[in-house]
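*Asks:* Dropping in entry_9.txt, with compact mmCIF, C-alpha atoms and all ligand atoms.
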# COMPACT_ATOMS: atom_id res chain seq x y z
CA MET A 30 6.51 18.76 4.36
CA THR A 31 5.53 15.31 3.12
CA ILE A 32 2.02 15.13 1.73
CA ASN A 33 0.86 11.52 1.61
CA LEU A 34 -2.46 11.01 -0.17
CA ILE A 35 -1.88 7.40 -1.20
CA SER A 36 -4.63 6.11 1.07
CA ASP A 37 -6.65 6.93 4.18
CA THR A 38 -4.85 4.02 5.86
CA VAL A 39 -1.60 6.00 6.31
CA THR A 40 -2.82 7.83 9.44
CA LYS A 41 -1.07 7.38 12.78
CA PRO A 42 -2.71 7.46 16.22
CA ASP A 43 -2.66 10.96 17.69
CA GLU A 44 -1.82 11.87 21.28
CA GLY A 45 -5.39 11.46 22.57
CA MET A 46 -5.77 8.06 20.96
CA LEU A 47 -2.41 6.86 22.28
CA GLN A 48 -3.37 8.01 25.78
CA ALA A 49 -6.63 6.06 25.54
CA MET A 50 -4.73 2.98 24.37
CA MET A 51 -2.16 3.23 27.16
CA GLN A 52 -4.90 3.35 29.77
CA ALA A 53 -6.95 0.45 28.40
CA GLU A 54 -8.03 -2.32 30.70
CA VAL A 55 -7.21 -5.57 28.92
CA GLY A 56 -7.68 -9.34 29.15
CA ASP A 57 -7.48 -12.39 26.92
CA ASP A 58 -10.02 -11.88 24.14
CA VAL A 59 -9.71 -15.49 22.92
CA PHE A 60 -11.39 -16.37 26.21
CA LYS A 61 -13.73 -13.38 25.73
CA GLY A 62 -12.02 -11.89 28.77
CA ASP A 63 -11.05 -8.47 27.45
CA PRO A 64 -13.44 -5.93 28.99
CA THR A 65 -12.55 -3.08 26.62
CA MET A 66 -13.15 -5.27 23.56
CA ASN A 67 -16.33 -6.76 25.02
CA ALA A 68 -17.65 -3.24 25.55
CA LEU A 69 -16.65 -2.22 22.03
CA GLU A 70 -18.37 -5.19 20.39
CA GLU A 71 -21.48 -4.42 22.39
CA ARG A 72 -21.29 -0.75 21.50
CA VAL A 73 -20.93 -1.33 17.76
CA ALA A 74 -23.61 -4.04 17.65
CA LYS A 75 -26.01 -1.66 19.40
CA MET A 76 -25.06 1.20 17.12
CA PHE A 77 -26.14 -0.85 14.09
CA GLY A 78 -29.19 -2.30 15.85
CA LYS A 79 -27.70 -5.79 15.54
CA GLU A 80 -27.55 -8.58 18.14
CA ALA A 81 -23.79 -9.07 17.98
CA ALA A 82 -20.47 -7.82 16.63
CA LEU A 83 -17.03 -9.35 16.24
CA PHE A 84 -13.66 -7.60 15.97
CA PHE A 85 -11.20 -8.53 13.21
CA PRO A 86 -7.57 -7.63 12.52
CA SER A 87 -8.47 -6.55 8.96
CA GLY A 88 -11.41 -5.65 6.78
CA THR A 89 -10.40 -8.44 4.45
CA MET A 90 -10.79 -11.04 7.20
CA ALA A 91 -14.16 -9.57 8.23
CA ASN A 92 -15.46 -9.73 4.63
CA GLN A 93 -14.05 -13.20 4.00
CA THR A 94 -15.63 -14.46 7.21
CA ALA A 95 -18.98 -12.97 6.21
CA ILE A 96 -18.80 -14.69 2.81
CA LYS A 97 -17.88 -17.96 4.50
CA ILE A 98 -20.86 -17.88 6.87
CA HIS A 99 -23.33 -16.97 4.11
CA THR A 100 -22.27 -19.61 1.58
CA GLN A 101 -21.34 -23.23 0.86
CA PRO A 102 -18.61 -24.37 -1.61
CA GLY A 103 -19.82 -24.41 -5.20
CA GLU A 104 -22.21 -21.52 -4.72
CA GLN A 105 -22.05 -18.08 -6.31
CA LEU A 106 -22.20 -14.53 -5.02
CA ILE A 107 -23.16 -11.39 -6.89
CA ALA A 108 -21.03 -8.23 -6.73
CA ASP A 109 -19.90 -5.30 -8.84
CA LYS A 110 -16.86 -5.84 -11.09
CA TYR A 111 -14.90 -3.30 -8.99
CA ALA A 112 -15.66 -5.08 -5.69
CA HIS A 113 -12.84 -5.14 -3.15
CA ILE A 114 -13.83 -8.68 -2.16
CA PHE A 115 -13.08 -9.79 -5.74
CA ASN A 116 -10.17 -7.53 -6.75
CA TYR A 117 -8.18 -6.90 -3.60
CA GLU A 118 -8.62 -9.81 -1.21
CA GLY A 119 -6.12 -12.12 -2.85
CA GLY A 120 -8.69 -14.43 -4.42
CA GLY A 121 -10.01 -15.27 -0.96
CA VAL A 122 -13.59 -15.81 -2.12
CA SER A 123 -12.55 -18.92 -4.05
CA PHE A 124 -9.70 -19.89 -1.73
CA ASN A 125 -11.58 -19.63 1.57
CA SER A 126 -15.16 -20.36 0.57
CA GLY A 127 -14.93 -22.22 -2.76
CA VAL A 128 -17.41 -19.68 -4.12
CA SER A 129 -17.47 -18.01 -7.55
CA CYS A 130 -18.29 -14.35 -8.23
CA ARG A 131 -20.88 -13.18 -10.73
CA LEU A 132 -19.56 -9.70 -11.48
CA LEU A 133 -21.93 -7.00 -12.67
CA ASP A 134 -21.10 -3.96 -14.77
CA GLY A 135 -22.26 -1.28 -12.35
CA ASP A 136 -21.85 2.48 -12.18
CA ARG A 137 -18.72 3.50 -10.20
CA GLY A 138 -18.86 0.24 -8.27
CA MET A 139 -22.59 0.38 -7.60
CA ILE A 140 -25.13 -2.13 -8.91
CA THR A 141 -28.93 -1.95 -9.18
CA ALA A 142 -31.75 -4.22 -8.04
CA THR A 143 -32.68 -4.90 -11.69
CA GLN A 144 -29.12 -6.02 -12.46
CA VAL A 145 -29.03 -8.23 -9.37
CA GLU A 146 -32.34 -9.90 -10.14
CA ALA A 147 -31.25 -10.67 -13.72
CA ALA A 148 -27.99 -12.25 -12.49
CA ILE A 149 -29.55 -14.80 -10.13
CA ASN A 150 -29.22 -18.35 -11.47
CA PRO A 151 -32.55 -20.24 -11.38
CA PRO A 152 -32.21 -22.50 -8.30
CA ASP A 153 -33.71 -25.55 -10.04
CA PHE A 154 -31.26 -25.29 -12.97
CA TYR A 155 -28.64 -27.51 -11.36
CA HIS A 156 -26.06 -26.95 -14.12
CA SER A 157 -25.31 -23.45 -12.82
CA PRO A 158 -23.86 -22.49 -9.47
CA LEU A 159 -26.49 -21.74 -6.87
CA THR A 160 -26.71 -18.01 -6.16
CA THR A 161 -26.83 -17.43 -2.39
CA LEU A 162 -25.32 -14.04 -1.58
CA VAL A 163 -25.25 -10.42 -2.74
CA CYS A 164 -22.36 -8.19 -1.64
CA LEU A 165 -22.42 -4.41 -1.92
CA GLU A 166 -19.65 -1.91 -1.14
CA ASN A 167 -20.39 1.54 0.32
CA THR A 168 -18.61 3.81 -0.29
CA THR A 169 -16.99 2.16 -3.29
CA ASN A 170 -13.20 2.07 -3.33
CA LYS A 171 -12.28 1.51 -7.00
CA GLY A 172 -15.49 3.37 -7.90
CA GLY A 173 -14.07 6.58 -6.41
CA GLY A 174 -15.77 6.84 -3.03
CA ALA A 175 -19.27 6.79 -4.49
CA CYS A 176 -22.27 6.46 -2.13
CA TYR A 177 -25.24 4.24 -2.85
CA ASP A 178 -28.72 5.70 -3.11
CA PHE A 179 -30.36 4.23 0.00
CA GLU A 180 -33.61 3.54 -1.90
CA GLU A 181 -31.68 1.30 -4.33
CA ILE A 182 -30.22 -0.64 -1.39
CA ILE A 183 -33.76 -1.26 -0.11
CA LYS A 184 -34.80 -2.50 -3.56
CA ILE A 185 -31.84 -4.90 -3.64
CA ARG A 186 -32.86 -6.15 -0.18
CA GLU A 187 -36.33 -6.90 -1.58
CA VAL A 188 -34.74 -8.92 -4.40
CA CYS A 189 -32.68 -10.84 -1.82
CA ASP A 190 -35.84 -11.54 0.21
CA ARG A 191 -37.75 -12.77 -2.84
CA HIS A 192 -34.94 -15.18 -3.74
CA GLY A 193 -33.73 -16.14 -0.26
CA LEU A 194 -30.26 -14.61 -0.70
CA GLY A 195 -27.93 -13.34 2.02
CA PHE A 196 -27.06 -9.64 1.90
CA HIS A 197 -23.62 -8.42 2.99
CA LEU A 198 -22.24 -4.89 3.01
CA ASP A 199 -18.53 -4.21 2.71
CA GLY A 200 -18.71 -0.98 4.66
CA ALA A 201 -14.99 -0.31 4.98
CA ARG A 202 -15.83 3.34 4.32
CA LEU A 203 -19.43 3.31 5.53
CA TRP A 204 -18.45 6.04 8.03
CA ASN A 205 -17.77 8.32 5.08
CA ALA A 206 -21.07 7.39 3.43
CA MET A 207 -22.99 8.05 6.66
CA VAL A 208 -21.45 11.49 7.13
CA LYS A 209 -22.12 12.30 3.48
CA THR A 210 -25.71 11.07 3.20
CA GLY A 211 -26.99 11.34 6.78
CA TYR A 212 -28.33 7.77 6.99
CA SER A 213 -27.72 6.18 10.37
CA PRO A 214 -25.99 2.92 11.33
CA GLU A 215 -29.38 1.50 12.45
CA GLN A 216 -30.83 2.16 9.01
CA TYR A 217 -28.00 0.20 7.39
CA GLY A 218 -28.26 -2.47 10.09
CA LYS A 219 -31.93 -2.98 9.23
CA VAL A 220 -31.32 -3.73 5.53
CA PHE A 221 -28.21 -5.89 5.61
CA ASP A 222 -27.71 -9.29 7.23
CA THR A 223 -24.05 -8.56 7.88
CA ILE A 224 -21.94 -5.40 7.67
CA SER A 225 -18.16 -5.02 7.92
CA VAL A 226 -16.71 -1.64 8.90
CA CYS A 227 -13.07 -0.53 9.07
CA PHE A 228 -11.62 1.57 11.87
CA SER A 229 -8.17 1.78 10.29
CA LYS A 230 -9.25 4.07 7.44
CA GLY A 231 -11.07 7.39 7.89
CA LEU A 232 -11.46 6.97 11.64
CA GLY A 233 -7.69 6.84 12.05
CA CYS A 234 -7.17 3.73 14.20
CA PRO A 235 -3.98 1.72 13.75
CA VAL A 236 -5.75 -1.64 13.35
CA GLY A 237 -9.17 -3.18 13.18
CA SER A 238 -12.51 -3.92 11.59
CA MET A 239 -15.83 -5.14 12.93
CA LEU A 240 -18.47 -7.47 11.55
CA VAL A 241 -22.05 -7.04 12.78
CA GLY A 242 -25.00 -9.41 12.41
CA SER A 243 -27.32 -11.76 14.28
CA LYS A 244 -26.10 -13.65 17.33
CA GLU A 245 -26.31 -16.91 15.39
CA MET A 246 -24.19 -15.52 12.54
CA MET A 247 -21.59 -13.99 14.84
CA ASP A 248 -21.29 -17.31 16.73
CA LYS A 249 -20.41 -18.90 13.39
CA ALA A 250 -18.10 -15.97 12.60
CA LEU A 251 -16.22 -16.55 15.86
CA ARG A 252 -15.36 -20.08 14.75
CA ILE A 253 -14.33 -18.93 11.25
CA ARG A 254 -12.21 -16.13 12.70
CA LYS A 255 -10.40 -18.74 14.78
CA ILE A 256 -9.79 -20.90 11.70
CA PHE A 257 -8.46 -17.88 9.76
CA GLY A 258 -6.04 -17.20 12.60
CA GLY A 259 -7.74 -14.00 13.70
CA GLY A 260 -8.23 -14.81 17.38
CA MET A 261 -6.11 -12.30 19.26
CA ARG A 262 -5.26 -11.85 22.93
CA GLN A 263 -4.99 -8.44 24.68
CA VAL A 264 -6.87 -6.52 22.01
CA GLY A 265 -8.27 -4.03 24.50
CA TYR A 266 -5.45 -1.69 23.48
CA LEU A 267 -6.86 -1.69 19.95
CA ALA A 268 -10.46 -1.49 21.18
CA ALA A 269 -9.56 1.59 23.23
CA ALA A 270 -8.35 3.29 20.05
CA VAL A 271 -11.65 2.47 18.38
CA HIS A 272 -13.71 3.80 21.31
CA TYR A 273 -11.69 7.00 21.06
CA ALA A 274 -12.16 7.23 17.29
CA LEU A 275 -15.92 6.68 17.52
CA ASP A 276 -16.10 9.50 20.08
CA HIS A 277 -13.86 11.96 18.23
CA ASN A 278 -13.26 11.17 14.58
CA ARG A 279 -16.59 10.54 12.91
CA GLN A 280 -17.91 14.01 12.18
CA ARG A 281 -14.52 15.30 11.05
CA LEU A 282 -14.75 13.07 7.96
CA ALA A 283 -16.73 15.95 6.43
CA GLU A 284 -13.44 17.89 6.38
CA ASP A 285 -11.80 15.14 4.30
CA HIS A 286 -14.71 15.39 1.87
CA ARG A 287 -14.43 19.18 1.65
CA ARG A 288 -10.69 19.00 1.01
CA ALA A 289 -11.11 16.39 -1.74
CA ALA A 290 -13.70 18.65 -3.39
CA GLU A 291 -11.33 21.64 -3.16
CA ILE A 292 -8.50 19.61 -4.72
CA ALA A 293 -10.85 18.67 -7.57
CA GLU A 294 -11.69 22.33 -8.05
CA VAL A 295 -7.99 23.17 -8.52
CA LEU A 296 -7.27 20.09 -10.69
CA LYS A 297 -10.06 21.12 -13.05
CA ASP A 298 -7.95 24.06 -14.18
CA CYS A 299 -4.62 22.22 -14.34
CA ASP A 300 -3.15 21.75 -17.82
CA PHE A 301 -2.06 18.17 -17.18
CA VAL A 302 -5.54 16.93 -16.22
CA LYS A 303 -7.61 15.13 -18.83
CA SER A 304 -10.66 14.34 -16.72
CA ILE A 305 -11.85 14.04 -13.16
CA ALA A 306 -14.18 11.19 -12.22
CA PRO A 307 -17.34 12.10 -10.32
CA PHE A 308 -16.47 12.24 -6.63
CA GLU A 309 -18.55 12.40 -3.46
CA THR A 310 -16.39 11.68 -0.45
CA ASN A 311 -12.65 11.39 0.26
CA ILE A 312 -11.49 9.56 -2.88
CA LEU A 313 -10.65 11.51 -5.98
CA ILE A 314 -9.82 9.74 -9.23
CA PHE A 315 -8.49 11.71 -12.19
CA SER A 316 -6.54 11.05 -15.33
CA VAL A 317 -3.66 12.88 -16.98
CA LYS A 318 -3.59 13.88 -20.64
CA ASP A 319 -2.59 11.20 -23.14
CA HIS A 320 0.74 12.78 -24.11
CA ILE A 321 1.86 12.87 -20.48
CA ASP A 322 3.94 9.99 -19.23
CA GLU A 323 2.27 8.85 -16.02
CA ALA A 324 5.49 7.65 -14.37
CA LEU A 325 7.19 10.95 -15.16
CA PHE A 326 4.22 12.86 -13.76
CA MET A 327 4.24 10.81 -10.57
CA SER A 328 7.97 11.38 -10.12
CA SER A 329 7.62 15.13 -10.55
CA LEU A 330 4.98 15.06 -7.82
CA LYS A 331 7.33 13.01 -5.67
CA GLU A 332 10.03 15.62 -6.13
CA ALA A 333 7.60 18.08 -4.60
CA ASP A 334 7.09 15.53 -1.76
CA ILE A 335 3.52 14.82 -2.87
CA HIS A 336 2.57 11.14 -2.88
CA ILE A 337 -0.49 9.76 -4.63
CA SER A 338 -1.28 6.38 -6.16
CA SER A 339 -1.67 5.17 -9.70
CA LEU A 340 -4.52 2.92 -10.76
CA GLY A 341 -2.86 2.29 -14.13
CA LYS A 342 -3.70 3.51 -17.66
CA GLY A 343 -3.15 7.15 -16.72
CA SER A 344 -5.68 7.01 -13.90
CA LEU A 345 -4.51 8.46 -10.57
CA ARG A 346 -6.00 8.42 -7.11
CA ILE A 347 -5.93 10.91 -4.24
CA VAL A 348 -7.36 9.96 -0.84
CA THR A 349 -7.78 12.59 1.89
CA HIS A 350 -7.61 11.61 5.56
CA LYS A 351 -7.20 12.73 9.16
CA ASP A 352 -3.44 13.31 8.97
CA TYR A 353 -3.78 15.49 5.87
CA THR A 354 -3.94 18.81 7.67
CA GLU A 355 -5.27 22.19 6.56
CA GLU A 356 -1.67 23.39 6.30
CA MET A 357 -0.76 20.54 3.96
CA HIS A 358 -3.95 21.19 2.03
CA ARG A 359 -3.13 24.87 1.38
CA LEU A 360 0.38 23.87 0.31
CA LEU A 361 -0.88 21.13 -2.00
CA LEU A 362 -3.35 23.42 -3.76
CA GLN A 363 -0.53 25.89 -4.32
CA LYS A 364 1.92 23.23 -5.54
CA LEU A 365 -0.59 21.65 -7.92
CA LYS A 366 -0.96 24.97 -9.69
CA GLN A 367 2.81 25.04 -10.19
CA VAL A 368 3.37 21.50 -11.44
CA ALA A 369 5.23 21.78 -14.73
CA ILE A 370 5.09 18.77 -17.02
C1 LIG A 401 -9.70 -1.26 2.72
C2 LIG A 401 -10.89 -1.99 2.29
C3 LIG A 401 -11.22 -3.23 2.85
C4 LIG A 401 -10.39 -3.94 3.92
O1 LIG A 401 -9.06 -3.79 3.79
P1 LIG A 401 -8.00 -4.31 4.89
O2 LIG A 401 -6.76 -3.68 4.39
O3 LIG A 401 -8.01 -5.77 4.83
O4 LIG A 401 -8.43 -3.79 6.23
C5 LIG A 401 -12.37 -3.84 2.43
N1 LIG A 401 -13.17 -3.26 1.54
C6 LIG A 401 -12.90 -2.07 0.98
C7 LIG A 401 -13.84 -1.47 0.02
C8 LIG A 401 -11.75 -1.39 1.34
O5 LIG A 401 -11.49 -0.20 0.79
Would you mind giving the structure from this file in structure tokens?
*Replies:*
Amino acid sequence: MTINLISDTVTKPDEGMLQAMMQAEVGDDVFKGDPTMNALEERVAKMFGKEAALFFPSGTMANQTAIKIHTQPGEQLIADKYAHIFNYEGGGVSFNSGVSCRLLDGDRGMITATQVEAAINPPDFYHSPLTTLVCLENTTNKGGGACYDFEEIIKIREVCDRHGLGFHLDGARLWNAMVKTGYSPEQYGKVFDTISVCFSKGLGCPVGSMLVGSKEMMDKALRIRKIFGGGMRQVGYLAAAVHYALDHNRQRLAEDHRRAAEIAEVLKDCDFVKSIAPFETNILIFSVKDHIDEALFMSSLKEADIHISSLGKGSLRIVTHKDYTEEMHRLLLQKLKQVAI
């Protein structure tokens, strides 16, 4: 049995989701004529208490569009040094928006209001780039699935208000954060100007992300999405998968969190483990002891048909997800105890 814990993006649509997709009523979404997508955008906008929502083929495109609508070339945004928008979107912030990133040294990918306020360039000091946007990530990816303290988010919002900055949330895994902390989509919708969420991760859809915000911002986003080449035609098939996932796959994320915690519990007692990073949701980062060759360790796991990813420098990552079943979980826990290295 193959156990793939490389990412929560490896899931495949299940029977119920495929059925929903097959039965979708579709139209041309470039002409706003796809009823299933129109209903989905309305549903997600409402869920977050926002005026509008726009579907994207990827989380990257949703984030890059958000950055584009919040900024002008030459300006600067503030984010944590681990931010996906900076590290894993191909340099899109500078390429697409001509914007620089002021990276802060946060805790597991999370920054504070005090740090943000100190990083804002004085607007009348024309030698420095003008700071116009703050981007947070929740849960954090490179930070190990950490969830922001909601009170800190509110404090950062206050800083943004005082300085007239836009406030964007990269919520690729916000579904995990919401299940973990109990805060609702409306609560997040109230604090952020724009939020991107992924459906192709924990929720188990094959494709898709959504950006939510004001009507005015989403009208601008529609134009940018077109420029980025993200206008798609009969996307109702994809929207049907998302409707299905929102109905069936949100609460079950708690299972992914439980399984990650149980893996950590077993790893704690494994000889090859040096340390386990604090974990909260479905991402588990740990490191192997210094004398262990990481490549050798990974290949011995592969021999046991266990697949995880390396973050470099002896740091390894496990991500639990919908297609990681209880049966696989029991087997993995057993196999981990037997790994000889
Ligand atoms: C996965 C991810 C994205 C978007 O990734 P795509 O592969 O472009 O959908 C954005 N932000 C974070 C934090 C992510 O983990």
*Asks:* Using only C-alpha atoms and all ligand atoms, find each residue of chain A with at least one atom at most 6 Å away from an atom of ligand LIG 401 (chain A); report its shortest atom-to-atom pair and that distance in Å (one decimal), sort the rows by chain and rising residue number, and return the result as JSON lines.
*Replies:*
{"residue": "A:Ser87", "atom": "CA", "partner": "A:LIG401", "partner_atom": "O4", "distance": 3.9}
{"residue": "A:Gly88", "atom": "CA", "partner": "A:LIG401", "partner_atom": "C4", "distance": 3.5}
{"residue": "A:Thr89", "atom": "CA", "partner": "A:LIG401", "partner_atom": "O3", "distance": 3.6}
{"residue": "A:His113", "atom": "CA", "partner": "A:LIG401", "partner_atom": "C7", "distance": 5.0}
{"residue": "A:Glu166", "atom": "CA", "partner": "A:LIG401", "partner_atom": "C7", "distance": 5.9}
{"residue": "A:Thr169", "atom": "CA", "partner": "A:LIG401", "partner_atom": "C7", "distance": 5.8}
{"residue": "A:Asn170", "atom": "CA", "partner": "A:LIG401", "partner_atom": "C7", "distance": 4.9}
{"residue": "A:Asp199", "atom": "CA", "partner": "A:LIG401", "partner_atom": "N1", "distance": 5.6}
{"residue": "A:Ala201", "atom": "CA", "partner": "A:LIG401", "partner_atom": "C6", "distance": 4.8}
*Asks:* Hey, what's within 8 Å of A:Leu34 if we count all atoms listed in the file and toss same-chain stuff fewer than 6 positions away? As JSON, numbers by chain, please?
*Replies:* {"A": [335, 336, 337, 338, 347, 348, 349, 350, 353]}
*Asks:* Which residue gives the smallest distance to A:Asn92 among A:Leu132, A:Met357, A:Leu325, A:Val241, with only C-alpha atoms counted?
*Replies:*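 That would be A:Val241, the residue with the smallest distance to A:Asn92.
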*Asks:* Identify, on the basis of all atoms listed in the file, every residue whose closest approach to A:Asp276 does not exceed 12 Å; exclude the query and any residue fewer than 6 positions from it along the same chain; express the result as a list of chain:residue names.
*Replies:*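 Here the qualifying residues turn out to be A:Gly45, A:Met46, A:Ala49, A:Leu69, A:Arg72, A:Leu232, A:Gly233, A:Ala269, A:Ala270.
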*Asks:* Could you list, as a JSON list (two decimals) with C-alpha atoms, in the coordinates of the input, every residue within 9 Å of A:Ala290, counting only C-alpha atoms and ignoring same-chain residues fewer than 2 positions away?
*Replies:*
[["chain", "number", "residue", "atom", "x", "y", "z"],
["A", 285, "ASP", "CA", -11.80, 15.14, 4.30],
["A", 286, "HIS", "CA", -14.71, 15.39, 1.87],
["A", 287, "ARG", "CA", -14.43, 19.18, 1.65],
["A", 288, "ARG", "CA", -10.69, 19.00, 1.01],
["A", 292, "ILE", "CA", -8.50, 19.61, -4.72],
["A", 293, "ALA", "CA", -10.85, 18.67, -7.57],
["A", 294, "GLU", "CA", -11.69, 22.33, -8.05],
["A", 295, "VAL", "CA", -7.99, 23.17, -8.52],
["A", 308, "PHE", "CA", -16.47, 12.24, -6.63],
["A", 309, "GLU", "CA", -18.55, 12.40, -3.46],
["A", 310, "THR", "CA", -16.39, 11.68, -0.45],
["A", 311, "ASN", "CA", -12.65, 11.39, 0.26],
["A", 313, "LEU", "CA", -10.65, 11.51, -5.98]]
*Asks:* To one decimal in Å, tell me the separation between atom CA of A:Leu251 and atom CA of A:Ser229.
*Replies:*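 We find that atom CA of A:Leu251 and atom CA of A:Ser229 lie 20.8 Å from each other.
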*Asks:* May I have the protein, DNA and RNA residues with an atom at most 12 Å from (2.5, 10.6, -19.3), counting only C-alpha atoms in the file's coordinates, returned as JSON, numbers by chain?
*Replies:* {"A": [301, 302, 303, 316, 317, 318, 319, 320, 321, 322, 323, 324, 325, 326, 327, 328, 329, 339, 341, 342, 343, 344, 345, 370]}
*Asks:* Please provide as a list in words all residues within 12 Å of A:Met261, with the sequence filter that same-chain residues fewer than 4 positions apart are discarded (counting all atoms listed in the file).
*Replies:*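 So the residues in contact are Val55, Gly56, Asp57, Asp58, Val59, Phe60, Lys61, Gly62, Asp63, Met66, Leu83, Phe84, Phe85, Pro86, Gly237, Leu251, Arg254, Lys255, Phe257, Gly265, Tyr266, Leu267 and Ala268 of chain A.
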*Asks:* Please provide the set of residues having any atom within 6 Å of A:Asp222, restricted to only C-alpha atoms, with same-chain residues fewer than 4 positions apart removed, written as an NGL selection string.
*Replies:* :A and (196-197 or 242)
*Asks:* Please determine, counting only C-alpha atoms, which residue among A:Gln367, A:Gln216, A:Gln93, A:Asn150 has the shortest atom-to-atom distance to A:Met76.
*Replies:* A:Gln216
*Asks:* Calculate how many Å separate atom CA of A:Arg137 from atom CA of A:Arg359, rounding to one decimal.
*Replies:*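 Between atom CA of A:Arg137 and atom CA of A:Arg359 the gap works out to 28.9 Å.
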*Asks:* Provide the atom CA of A:Arg279 to atom CA of A:Thr210 distance in Å, to one decimal place.
*Replies:*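 So the answer is 13.3 Å.
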*Asks:* Choose the residue, out of A:Ser225, A:Thr100, A:Gln105, A:Thr143, that has the smallest atom-to-atom separation from A:Ser157; count all atoms listed in the file.
*Replies:*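 For A:Ser157, the nearest of the candidates is A:Gln105.
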*Asks:* For A:Val145, which of A:Lys171, A:Arg281, A:Arg191, A:His272 is the closest residue, counting only C-alpha atoms?
*Replies:*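 Using only C-alpha atoms, A:Val145 sits closest to A:Arg191.
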*Asks:* For a quick check of understanding, using all atoms listed in the file, which of A:Ile305, A:Val220, A:Val368, A:Ala274 has the smallest distance to A:Asp43?
*Replies:*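 Closest residue, counting all atoms listed in the file: A:Ala274.
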*Asks:* Which of these residues is nearest to A:Glu187, using only C-alpha atoms: A:Lys97, A:Thr141, A:Gly172, A:Thr160?
*Replies:* A:Thr141
